[in-house]
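Undergrad: Just run.tsv, nothing more (TSV, C-alpha atoms and all ligand atoms):
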```
chain	number	residue	atom	x	y	z
S	1	MET	CA	-61.52	20.11	11.99
S	2	ALA	CA	-62.60	21.17	15.50
S	3	LYS	CA	-58.97	21.64	16.39
S	4	ASN	CA	-58.46	23.91	13.40
S	5	ASP	CA	-61.50	26.05	14.37
S	6	LYS	CA	-60.09	26.46	17.84
S	7	THR	CA	-56.75	27.49	16.47
S	8	SER	CA	-58.26	30.16	14.19
S	9	ASP	CA	-60.49	31.45	17.04
S	10	ALA	CA	-57.36	31.78	19.13
S	11	LEU	CA	-55.63	33.71	16.37
S	12	VAL	CA	-58.60	36.07	15.95
S	13	ALA	CA	-58.78	36.58	19.69
S	14	SER	CA	-55.09	37.39	19.89
S	15	SER	CA	-55.34	39.88	17.01
S	16	VAL	CA	-58.29	41.72	18.57
S	17	ASP	CA	-57.65	44.58	20.96
S	18	SER	CA	-57.85	43.22	24.48
S	19	SER	CA	-60.15	46.11	25.48
S	20	ILE	CA	-62.89	44.87	23.07
S	21	GLU	CA	-65.12	42.20	24.50
S	22	LEU	CA	-65.23	39.04	22.44
S	23	GLY	CA	-68.40	38.73	20.39
S	24	THR	CA	-69.03	42.51	20.09
S	25	ALA	CA	-66.79	43.27	17.04
S	26	VAL	CA	-68.58	44.66	13.99
S	27	VAL	CA	-67.64	43.01	10.72
S	28	ALA	CA	-67.72	45.57	7.88
S	29	PRO	CA	-69.47	44.38	4.71
S	30	GLU	CA	-67.31	44.07	1.64
S	31	GLN	CA	-69.62	46.35	-0.34
S	32	PHE	CA	-71.63	49.27	0.90
S	33	GLU	CA	-75.11	49.58	-0.37
S	34	ASN	CA	-75.53	52.21	-3.05
S	35	PRO	CA	-77.04	55.20	-1.21
S	36	GLY	CA	-78.50	56.49	-4.51
S	37	LEU	CA	-78.83	60.07	-5.60
S	38	PRO	CA	-80.06	62.76	-3.23
S	39	ALA	CA	-83.66	63.81	-3.76
S	40	HIS	CA	-84.09	66.07	-6.78
S	41	ARG	CA	-84.58	69.76	-6.00
S	42	ALA	CA	-86.30	71.78	-8.67
S	43	ARG	CA	-84.60	75.03	-9.64
S	44	ILE	CA	-86.40	78.33	-9.48
S	45	THR	CA	-86.28	78.55	-13.29
S	46	ASP	CA	-88.07	75.17	-13.53
S	47	ILE	CA	-90.87	76.38	-11.30
S	48	ASP	CA	-91.27	79.97	-12.44
S	49	PRO	CA	-91.54	80.64	-16.23
S	50	LYS	CA	-90.73	84.31	-15.62
S	51	ARG	CA	-87.43	83.41	-14.00
S	52	MET	CA	-86.72	81.08	-16.90
S	53	LYS	CA	-87.29	83.96	-19.35
S	54	ARG	CA	-85.04	86.16	-17.29
S	55	ALA	CA	-82.29	83.55	-17.29
S	56	GLU	CA	-82.61	83.26	-21.07
S	57	ARG	CA	-82.30	87.03	-21.38
S	58	ILE	CA	-79.15	87.03	-19.28
S	59	VAL	CA	-77.59	84.31	-21.40
S	60	TYR	CA	-78.16	85.96	-24.76
S	61	SER	CA	-77.28	89.40	-23.39
S	62	LEU	CA	-73.94	88.00	-22.30
S	63	PHE	CA	-73.30	86.53	-25.74
S	64	TYR	CA	-74.15	89.91	-27.30
S	65	ALA	CA	-71.86	91.60	-24.76
S	66	SER	CA	-69.12	89.25	-25.91
S	67	ILE	CA	-69.65	90.47	-29.49
S	68	LEU	CA	-69.24	94.03	-28.24
S	69	GLY	CA	-65.99	93.07	-26.49
S	70	SER	CA	-64.59	91.60	-29.70
S	71	VAL	CA	-65.63	94.62	-31.76
S	72	PHE	CA	-64.13	96.91	-29.11
S	73	ALA	CA	-60.80	95.07	-29.44
S	74	VAL	CA	-60.83	95.65	-33.22
S	75	PHE	CA	-61.53	99.37	-32.74
S	76	ALA	CA	-58.83	99.56	-30.07
S	77	TYR	CA	-56.38	98.20	-32.63
S	78	MET	CA	-57.33	101.01	-35.01
S	79	TYR	CA	-57.71	103.89	-32.56
S	80	PHE	CA	-54.71	103.17	-30.36
S	81	PRO	CA	-52.03	102.37	-32.97
S	82	ILE	CA	-48.43	101.69	-32.02
S	83	THR	CA	-46.36	104.70	-33.07
S	84	SER	CA	-42.63	105.14	-33.44
S	85	ASP	CA	-42.43	108.73	-32.18
S	86	ALA	CA	-41.61	110.03	-28.72
S	87	ASN	CA	-44.78	108.37	-27.36
S	88	ALA	CA	-43.84	104.93	-28.67
S	89	VAL	CA	-43.78	103.24	-25.25
S	90	HIS	CA	-47.02	104.88	-24.19
S	91	SER	CA	-48.71	103.85	-27.46
S	92	VAL	CA	-47.65	100.20	-26.97
S	93	ARG	CA	-49.13	100.28	-23.47
S	94	LEU	CA	-52.45	101.75	-24.62
S	95	ASN	CA	-52.69	99.41	-27.61
S	96	THR	CA	-51.99	96.33	-25.48
S	97	LEU	CA	-54.26	97.45	-22.66
S	98	TYR	CA	-57.37	98.14	-24.74
S	99	ILE	CA	-57.01	95.18	-27.09
S	100	GLY	CA	-56.43	92.94	-24.06
S	101	LEU	CA	-59.45	94.36	-22.25
S	102	GLY	CA	-61.67	93.79	-25.30
S	103	ILE	CA	-60.55	90.20	-25.78
S	104	ALA	CA	-60.73	89.40	-22.06
S	105	PHE	CA	-64.24	90.83	-21.80
S	106	ALA	CA	-65.39	88.87	-24.88
S	107	LEU	CA	-64.03	85.59	-23.49
S	108	LEU	CA	-65.36	86.23	-20.00
S	109	ALA	CA	-68.84	86.99	-21.31
S	110	ILE	CA	-68.88	83.77	-23.37
S	111	GLY	CA	-67.72	81.80	-20.32
S	112	ILE	CA	-70.32	83.25	-17.95
S	113	ALA	CA	-73.09	82.86	-20.56
S	114	ALA	CA	-72.20	79.20	-21.12
S	115	VAL	CA	-72.16	78.45	-17.39
S	116	HIS	CA	-75.42	80.29	-16.76
S	117	TRP	CA	-77.07	78.57	-19.72
S	118	GLY	CA	-76.05	75.18	-18.31
S	119	LYS	CA	-77.04	75.92	-14.74
S	120	ALA	CA	-80.26	77.85	-15.17
S	121	VAL	CA	-81.76	77.14	-18.58
S	122	MET	CA	-80.79	73.66	-19.75
S	123	ALA	CA	-82.88	70.70	-18.47
S	124	ASP	CA	-81.98	69.73	-14.93
S	125	HIS	CA	-82.12	66.04	-14.05
S	126	GLU	CA	-79.71	63.51	-12.65
S	127	GLY	CA	-78.65	60.57	-14.74
S	128	VAL	CA	-76.44	57.55	-14.32
S	129	ASP	CA	-74.11	56.66	-17.14
S	130	HIS	CA	-72.36	53.30	-16.95
S	131	ARG	CA	-68.99	52.69	-18.50
S	132	HIS	CA	-68.94	50.95	-21.84
S	133	PRO	CA	-66.36	49.30	-24.05
S	134	VAL	CA	-64.54	51.82	-26.20
S	135	ARG	CA	-66.31	50.85	-29.41
S	136	GLY	CA	-70.02	50.96	-28.72
S	137	THR	CA	-72.51	48.58	-30.24
S	138	ASP	CA	-74.84	49.72	-32.97
S	139	GLU	CA	-77.54	50.20	-30.38
S	140	THR	CA	-75.16	52.37	-28.38
S	141	ARG	CA	-74.40	54.48	-31.38
S	142	ALA	CA	-78.07	54.83	-32.14
S	143	ARG	CA	-78.54	55.81	-28.51
S	144	ALA	CA	-75.79	58.42	-28.89
S	145	VAL	CA	-77.72	60.00	-31.69
S	146	GLU	CA	-80.79	59.97	-29.47
S	147	ILE	CA	-78.77	61.61	-26.71
S	148	PHE	CA	-77.71	64.37	-29.06
S	149	GLN	CA	-81.30	64.85	-30.05
S	150	GLU	CA	-82.34	64.87	-26.41
S	151	ALA	CA	-79.58	67.33	-25.59
S	152	ASP	CA	-80.75	69.52	-28.41
S	153	ALA	CA	-84.32	69.31	-27.18
S	154	GLU	CA	-83.37	69.90	-23.55
S	155	SER	CA	-80.89	72.71	-24.15
S	156	GLY	CA	-83.31	74.30	-26.57
S	157	PHE	CA	-80.44	74.79	-29.00
S	158	SER	CA	-82.73	74.59	-32.02
S	159	ARG	CA	-85.77	76.00	-30.27
S	160	ARG	CA	-84.28	78.94	-28.39
S	161	THR	CA	-83.17	80.78	-31.46
S	162	LEU	CA	-82.14	84.00	-29.71
S	163	ILE	CA	-79.66	82.19	-27.49
S	164	ARG	CA	-78.42	80.01	-30.30
S	165	ASN	CA	-77.94	82.84	-32.75
S	166	SER	CA	-76.35	85.15	-30.21
S	167	MET	CA	-73.93	82.39	-29.23
S	168	ILE	CA	-73.04	81.70	-32.87
S	169	GLY	CA	-72.56	85.46	-33.33
S	170	ALA	CA	-70.29	85.61	-30.28
S	171	PHE	CA	-68.15	82.75	-31.56
S	172	ILE	CA	-67.92	84.29	-35.02
S	173	ALA	CA	-66.99	87.71	-33.62
S	174	PHE	CA	-64.45	86.40	-31.14
S	175	PRO	CA	-61.65	85.66	-33.69
S	176	LEU	CA	-62.03	89.12	-35.25
S	177	PRO	CA	-59.45	90.79	-32.98
S	178	ALA	CA	-56.94	88.13	-34.09
S	179	VAL	CA	-57.63	89.04	-37.73
S	180	ALA	CA	-57.04	92.69	-36.88
S	181	LEU	CA	-53.80	91.85	-35.08
S	182	PHE	CA	-52.53	89.77	-38.00
S	183	ARG	CA	-53.06	92.84	-40.17
S	184	GLY	CA	-49.92	94.15	-38.50
S	185	LEU	CA	-47.95	91.39	-40.26
S	186	ALA	CA	-49.22	92.33	-43.72
S	187	PRO	CA	-46.84	93.98	-46.22
S	188	MET	CA	-46.28	97.67	-45.53
S	189	ASN	CA	-47.14	100.37	-48.00
S	190	GLU	CA	-43.85	101.95	-47.12
S	191	ASP	CA	-40.87	100.94	-49.25
S	192	PRO	CA	-38.89	98.59	-47.00
S	193	ASN	CA	-35.68	99.98	-48.39
S	194	THR	CA	-36.31	103.28	-46.69
S	195	LEU	CA	-36.14	101.50	-43.34
S	196	MET	CA	-32.66	100.04	-43.67
S	197	LYS	CA	-31.17	101.85	-46.63
S	198	HIS	CA	-30.52	105.03	-44.72
S	199	THR	CA	-28.58	105.26	-41.51
S	200	VAL	CA	-27.26	108.30	-39.66
S	201	TRP	CA	-23.89	107.98	-41.41
S	202	ALA	CA	-23.29	110.95	-43.72
S	203	LYS	CA	-20.36	112.79	-45.26
S	204	GLY	CA	-18.05	114.11	-42.56
S	205	VAL	CA	-19.55	112.15	-39.60
S	206	ARG	CA	-16.64	110.96	-37.48
S	207	LEU	CA	-16.21	107.34	-36.50
S	208	ALA	CA	-16.33	107.02	-32.71
S	209	HIS	CA	-15.66	104.34	-30.12
S	210	ASP	CA	-18.68	102.39	-28.91
S	211	PRO	CA	-19.89	103.13	-26.25
S	212	THR	CA	-17.80	106.17	-25.24
S	213	GLY	CA	-18.56	108.16	-28.40
S	214	ARG	CA	-14.91	109.32	-28.56
S	215	PRO	CA	-13.82	110.01	-32.18
S	216	ILE	CA	-11.10	107.72	-33.53
S	217	LYS	CA	-7.90	108.94	-35.15
S	218	ALA	CA	-6.42	106.84	-37.97
S	219	GLN	CA	-3.09	106.71	-36.14
S	220	ASP	CA	-4.78	104.98	-33.16
S	221	VAL	CA	-5.86	102.02	-35.29
S	222	THR	CA	-2.95	99.62	-35.37
S	223	ILE	CA	-2.62	96.76	-37.82
S	224	GLY	CA	-4.62	93.75	-36.63
S	225	SER	CA	-6.90	95.76	-34.34
S	226	ALA	CA	-10.69	95.80	-34.57
S	227	PHE	CA	-13.05	98.44	-33.12
S	228	GLN	CA	-16.76	98.56	-32.63
S	229	VAL	CA	-17.75	101.92	-33.98
S	230	ILE	CA	-20.72	104.27	-33.80
S	231	PRO	CA	-21.29	107.65	-35.45
S	232	ALA	CA	-19.95	110.54	-33.34
S	233	GLY	CA	-22.69	112.81	-32.00
S	234	LEU	CA	-25.19	110.00	-31.56
S	235	GLU	CA	-25.88	111.15	-28.00
S	236	ALA	CA	-27.36	114.37	-29.34
S	237	LEU	CA	-30.28	112.45	-30.84
S	238	PRO	CA	-33.58	112.27	-28.91
S	239	GLU	CA	-33.75	109.24	-26.63
S	240	HIS	CA	-36.38	107.40	-28.69
S	241	GLU	CA	-34.32	107.73	-31.90
S	242	LYS	CA	-30.94	106.94	-30.42
S	243	LEU	CA	-31.24	103.17	-30.04
S	244	ASP	CA	-32.76	102.73	-33.48
S	245	ALA	CA	-30.07	104.85	-35.11
S	246	LYS	CA	-27.28	103.09	-33.23
S	247	ALA	CA	-28.59	99.63	-34.13
S	248	LYS	CA	-28.63	100.42	-37.84
S	249	ALA	CA	-25.34	102.31	-37.93
S	250	ALA	CA	-23.17	99.83	-35.99
S	251	VAL	CA	-19.84	99.34	-37.76
S	252	LEU	CA	-16.75	97.20	-37.29
S	253	LEU	CA	-13.48	98.97	-38.04
S	254	VAL	CA	-10.46	96.82	-38.87
S	255	ARG	CA	-6.91	97.55	-40.00
S	256	LEU	CA	-5.01	95.16	-42.23
S	257	LYS	CA	-1.78	95.54	-44.14
S	258	PRO	CA	-2.79	97.41	-47.31
S	259	GLU	CA	-1.22	94.66	-49.44
S	260	ASP	CA	-3.53	92.08	-47.80
S	261	LEU	CA	-6.62	93.79	-49.14
S	262	LYS	CA	-8.04	92.49	-52.43
S	263	TRP	CA	-10.44	94.73	-54.30
S	264	SER	CA	-12.79	93.19	-56.85
S	265	SER	CA	-14.37	96.61	-57.43
S	266	PRO	CA	-11.49	99.07	-57.92
S	267	GLU	CA	-13.48	102.11	-56.76
S	268	ARG	CA	-13.72	100.54	-53.33
S	269	GLU	CA	-10.05	100.95	-52.67
S	270	ALA	CA	-10.78	104.66	-52.21
S	271	TRP	CA	-13.31	103.72	-49.49
S	272	SER	CA	-10.48	102.59	-47.22
S	273	TYR	CA	-7.53	104.41	-45.66
S	274	GLN	CA	-4.10	102.79	-45.53
S	275	GLY	CA	-5.57	99.34	-44.83
S	276	ILE	CA	-8.34	100.61	-42.54
S	277	VAL	CA	-11.77	99.37	-43.62
S	278	ALA	CA	-15.23	99.75	-42.07
S	279	TYR	CA	-18.08	97.27	-42.55
S	280	SER	CA	-21.61	97.11	-41.21
S	281	LYS	CA	-21.80	94.95	-38.11
S	282	ILE	CA	-25.30	93.68	-38.94
S	283	CYS	CA	-25.20	90.21	-40.44
S	284	THR	CA	-26.79	89.99	-43.88
S	285	HIS	CA	-28.41	86.70	-42.92
S	286	VAL	CA	-30.94	87.66	-40.26
S	287	GLY	CA	-29.28	90.61	-38.59
S	288	CYS	CA	-27.17	89.35	-35.66
S	289	PRO	CA	-24.13	91.45	-34.71
S	290	VAL	CA	-21.06	90.10	-36.50
S	291	ALA	CA	-18.21	90.78	-34.15
S	292	LEU	CA	-15.92	87.77	-33.88
S	293	TYR	CA	-12.82	88.82	-35.79
S	294	GLU	CA	-10.09	86.33	-36.52
S	295	GLN	CA	-6.93	88.37	-36.90
S	296	GLN	CA	-4.79	85.77	-38.71
S	297	THR	CA	-7.29	84.79	-41.40
S	298	HIS	CA	-9.08	88.18	-41.55
S	299	HIS	CA	-12.35	86.32	-41.21
S	300	LEU	CA	-15.36	87.76	-39.46
S	301	LEU	CA	-17.72	85.22	-37.87
S	302	CYS	CA	-21.38	85.66	-37.08
S	303	PRO	CA	-22.12	83.66	-33.92
S	304	CYS	CA	-25.79	83.11	-34.77
S	305	HIS	CA	-25.55	80.72	-37.74
S	306	GLN	CA	-21.83	80.72	-38.40
S	307	SER	CA	-21.71	82.85	-41.53
S	308	GLN	CA	-18.15	83.91	-42.25
S	309	PHE	CA	-17.03	86.98	-44.15
S	310	ASP	CA	-13.61	87.63	-45.59
S	311	ILE	CA	-12.61	91.17	-44.62
S	312	SER	CA	-9.58	91.06	-46.90
S	313	ASN	CA	-11.87	90.52	-49.89
S	314	GLU	CA	-14.69	93.07	-49.60
S	315	SER	CA	-16.21	90.93	-46.83
S	316	ALA	CA	-17.26	88.23	-49.29
S	317	VAL	CA	-19.29	85.38	-47.77
S	318	ILE	CA	-17.04	82.35	-47.51
S	319	PHE	CA	-19.28	80.14	-45.38
S	320	GLY	CA	-22.79	79.97	-43.94
S	321	PRO	CA	-26.27	81.09	-44.86
S	322	ALA	CA	-25.62	84.82	-45.42
S	323	ALA	CA	-26.50	85.69	-49.01
S	324	ARG	CA	-24.34	88.76	-49.61
S	325	PRO	CA	-21.25	90.57	-48.25
S	326	LEU	CA	-21.50	93.03	-45.38
S	327	PRO	CA	-22.09	96.57	-46.70
S	328	GLN	CA	-18.95	98.70	-46.60
S	329	LEU	CA	-18.88	102.20	-45.15
S	330	PRO	CA	-16.69	104.48	-47.30
S	331	ILE	CA	-14.21	106.34	-45.06
S	332	TYR	CA	-11.52	109.02	-45.25
S	333	VAL	CA	-9.35	110.98	-42.83
S	334	ASP	CA	-10.10	114.65	-42.15
S	335	ASP	CA	-7.59	117.49	-41.60
S	336	GLU	CA	-7.30	116.67	-37.90
S	337	GLY	CA	-6.53	113.02	-38.56
S	338	TYR	CA	-9.93	111.68	-37.53
S	339	LEU	CA	-11.63	108.90	-39.45
S	340	CYS	CA	-14.87	110.09	-41.09
S	341	ALA	CA	-17.56	108.63	-43.30
S	342	GLN	CA	-17.53	109.67	-46.97
S	343	SER	CA	-21.28	109.07	-47.12
S	344	ASP	CA	-23.99	106.76	-45.82
S	345	PHE	CA	-23.77	103.07	-46.78
S	346	THR	CA	-24.36	102.62	-50.49
S	347	GLU	CA	-26.71	99.65	-49.98
S	348	PRO	CA	-29.20	98.64	-47.27
S	349	VAL	CA	-27.68	97.16	-44.14
S	350	GLY	CA	-29.05	94.04	-42.48
S	351	PRO	CA	-30.78	90.92	-43.75
S	352	SER	CA	-30.81	90.40	-47.49
S	353	PHE	CA	-34.57	90.80	-47.76
S	354	TRP	CA	-34.14	94.56	-47.88
S	355	GLU	CA	-31.54	94.42	-50.59
S	356	ARG	CA	-33.47	91.93	-52.78
S	357	SER	CA	-36.58	94.12	-52.78
S	358	LYS	CA	-34.74	96.97	-54.46
M	401	LIG	FE1	-25.55	85.82	-39.05
M	401	LIG	FE2	-27.49	84.04	-39.31
M	401	LIG	S1	-27.58	86.03	-38.49
M	401	LIG	S2	-25.44	83.87	-39.83
```
Can the structure in the file be given as C-alpha cells, please?
TA:
Amino acid sequence: MAKNDKTSDALVASSVDSSIELGTAVVAPEQFENPGLPAHRARITDIDPKRMKRAERIVYSLFYASILGSVFAVFAYMYFPITSDANAVHSVRLNTLYIGLGIAFALLAIGIAAVHWGKAVMADHEGVDHRHPVRGTDETRARAVEIFQEADAESGFSRRTLIRNSMIGAFIAFPLPAVALFRGLAPMNEDPNTLMKHTVWAKGVRLAHDPTGRPIKAQDVTIGSAFQVIPAGLEALPEHEKLDAKAKAAVLLVRLKPEDLKWSSPEREAWSYQGIVAYSKICTHVGCPVALYEQQTHHLLCPCHQSQFDISNESAVIFGPAARPLPQLPIYVDDEGYLCAQSDFTEPVGPSFWERSK
C-alpha cells in the first residue's frame, strides 16, 4: 500500500510543473458555490408613483400610436392607388412606400410598448425556476394557474384597463392593412373580357418581325418557317402602353402547305393566305409564350406545362392542360404584298378564364 502511495506521489510530482513548489498547488473544487443573485435594485417606477404613471402613459400612448399607423396604412392604400397610366411606376412607389411606413410604424409602436411595459411597469423581482419533467404533476399545473393569476396581478392586465384595452385595440387594428391589401384581389367591376379581348390588332395593321418591327411580305414566308410577329407601328405607342400592347398582341406566324391545313370551320380558311396562318402566342392554359414549333408534325409546344397545339387543325389542343385552341388572327395580303390583319382576334387571348366568363 505504502509502495503504491509513493508511486502515485511520484506520478503527481512528475506531472506538476517543475517551477511550482510541491505542496503549494491549489486543488479546484468540483463544484463552485452558487454565488446567488445580485442584490435587487428597485426601479425608479417602483419608488416613484408619478414615474409609474408616466410609464403607463407611454405604454398606452404607443399602443394608440400603433392603431394610428395601421389606420394610416389603410388610408394610404386608398389615397395612393396603383394606376396604369403614365405615372404607373411612380404610383407603385408611393403606394408601397406609404403602406409600408404605416405597417412598420404600427409594428414598431407595438414592439416598443411591449418592451417598455415589461421593463418599467410590470412587477420587477428575480425568481428561480427549476427544470421539471415535461408533464407536470397536478400540483404543478395548479401552480401554473397560480402563476398566470400572479402574472395577471403583477402586469396589471386586468387592473390597468387603459393599457389592456389600448393593446387589444392595437392588435385588432394591426391586421386591417392586410384586409385592405387583399381587397386588391377581389373581383373587378370591370368586365374581364375587356382586358384581353381587345388587342392593338385591327384591320390593315401589318404583321412585323419581332423585335425589329419590319413588316413581313407573304413571299418572305417560306413553307416550314415560323416567325414571331408583332403589330407594325408598335413603337409609336407611349412607353407605358407599349409593353402591355406587345404582350397581348404577340403572334406566331407559320407557313404550311395549303393541303396540310384542315379547317373544321370553313370560314376560317379565308383567315389564312396560301398556307400562312397566324395564331396568338399566349398559351390558353396560364399564359406562357408558346413558341416551340415542330416543323414535321406542325405541333406547337408550350414549355410551361407541355400543352401541345396542332397548327394544321386550327391549333386544336392535342395534349396538356390547355382548355381551348390558340385564338387565330385573320390575315390577308395588301396591294404591296405585305401581310396584314383582317381585324383584331375574334376571341380573348390568353388563359381560358377570360373566355369562359363571356
Ligand atoms: Fe402553357 Fe401551361 S401555360 S401549358
Undergrad: Would you list the residues that come within 9 Å of ligand LIG 401 (chain M)? Count only C-alpha atoms and all ligand atoms and give the answer as a list of chain:residue names.
TA: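 The residues within 9 Å of ligand LIG 401 (chain M), counting only C-alpha atoms and all ligand atoms, are S:Ile282, S:Cys283, S:Thr284, S:His285, S:Val286, S:Gly287, S:Cys288, S:Pro289, S:Val290, S:Leu301, S:Cys302, S:Pro303, S:Cys304, S:His305, S:Gln306, S:Ser307, S:Gln308, S:Gly320, S:Pro321, S:Ala322, S:Pro351.
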Undergrad: Since we have the selection now, will you write its residues out, keeping C-alpha atoms, as a JSON list (two decimals), in the coordinates of the input?
TA:
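Contents of the output file part.json:
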```
[["chain", "number", "residue", "atom", "x", "y", "z"],
["S", 282, "ILE", "CA", -25.30, 93.68, -38.94],
["S", 283, "CYS", "CA", -25.20, 90.21, -40.44],
["S", 284, "THR", "CA", -26.79, 89.99, -43.88],
["S", 285, "HIS", "CA", -28.41, 86.70, -42.92],
["S", 286, "VAL", "CA", -30.94, 87.66, -40.26],
["S", 287, "GLY", "CA", -29.28, 90.61, -38.59],
["S", 288, "CYS", "CA", -27.17, 89.35, -35.66],
["S", 289, "PRO", "CA", -24.13, 91.45, -34.71],
["S", 290, "VAL", "CA", -21.06, 90.10, -36.50],
["S", 301, "LEU", "CA", -17.72, 85.22, -37.87],
["S", 302, "CYS", "CA", -21.38, 85.66, -37.08],
["S", 303, "PRO", "CA", -22.12, 83.66, -33.92],
["S", 304, "CYS", "CA", -25.79, 83.11, -34.77],
["S", 305, "HIS", "CA", -25.55, 80.72, -37.74],
["S", 306, "GLN", "CA", -21.83, 80.72, -38.40],
["S", 307, "SER", "CA", -21.71, 82.85, -41.53],
["S", 308, "GLN", "CA", -18.15, 83.91, -42.25],
["S", 320, "GLY", "CA", -22.79, 79.97, -43.94],
["S", 321, "PRO", "CA", -26.27, 81.09, -44.86],
["S", 322, "ALA", "CA", -25.62, 84.82, -45.42],
["S", 351, "PRO", "CA", -30.78, 90.92, -43.75]]
```
Undergrad: Pick out the residues sitting within 9 Å of segment 41-58 of chain S, and hand them over as a ChimeraX atom specification; count all atoms listed in the file, and ignore anything fewer than 5 positions along from it in its own chain.
TA: /S:63,113,116-117,120-121,123-125,160,162-163
Undergrad: Need the shell around Ala104 of chain S: protein/DNA/RNA residues with any atom at most 12 Å away, counting all atoms listed in the file. Skip same-chain ones fewer than 6 positions apart. Format as a PyMOL selection string?
TA: chain S and resi 65-70+72-73+96-98+110-111+174+177
Undergrad: What is the atom CA of Pro325 of chain S-atom CA of Ile216 of chain S distance in Å, reported with one decimal?
TA: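 Atom-to-atom, atom CA of Pro325 of chain S and atom CA of Ile216 of chain S are spaced 24.8 Å apart.
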Undergrad: Can you measure atom CA of Ala341 of chain S to atom CA of Leu329 of chain S for me? One decimal in Å is fine.
TA: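 Spanning atom CA of Ala341 of chain S to atom CA of Leu329 of chain S is a straight-line distance of 6.8 Å.
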Undergrad: What does the distance from atom CA of Met122 of chain S to atom CA of Ala106 of chain S come to in Å, to one decimal?
TA: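 Taking atom CA of Met122 of chain S as the start and atom CA of Ala106 of chain S as the end point, the length is 22.2 Å.
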Undergrad: Which one of S:Ala236, S:Leu326, S:Ala170, S:Val333 sits closest to Gln219 of chain S if you count all atoms listed in the file?
TA: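 Answer, going by the shortest atom-to-atom distance: S:Val333.
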Undergrad: Considering only C-alpha atoms, can you say which of S:Thr199, S:Gln295, S:Thr161, S:Asn95 comes closest to Glu241 of chain S?
TA: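 Of S:Thr199, S:Gln295, S:Thr161, S:Asn95, the one nearest Glu241 of chain S, counting only C-alpha atoms, is S:Thr199.
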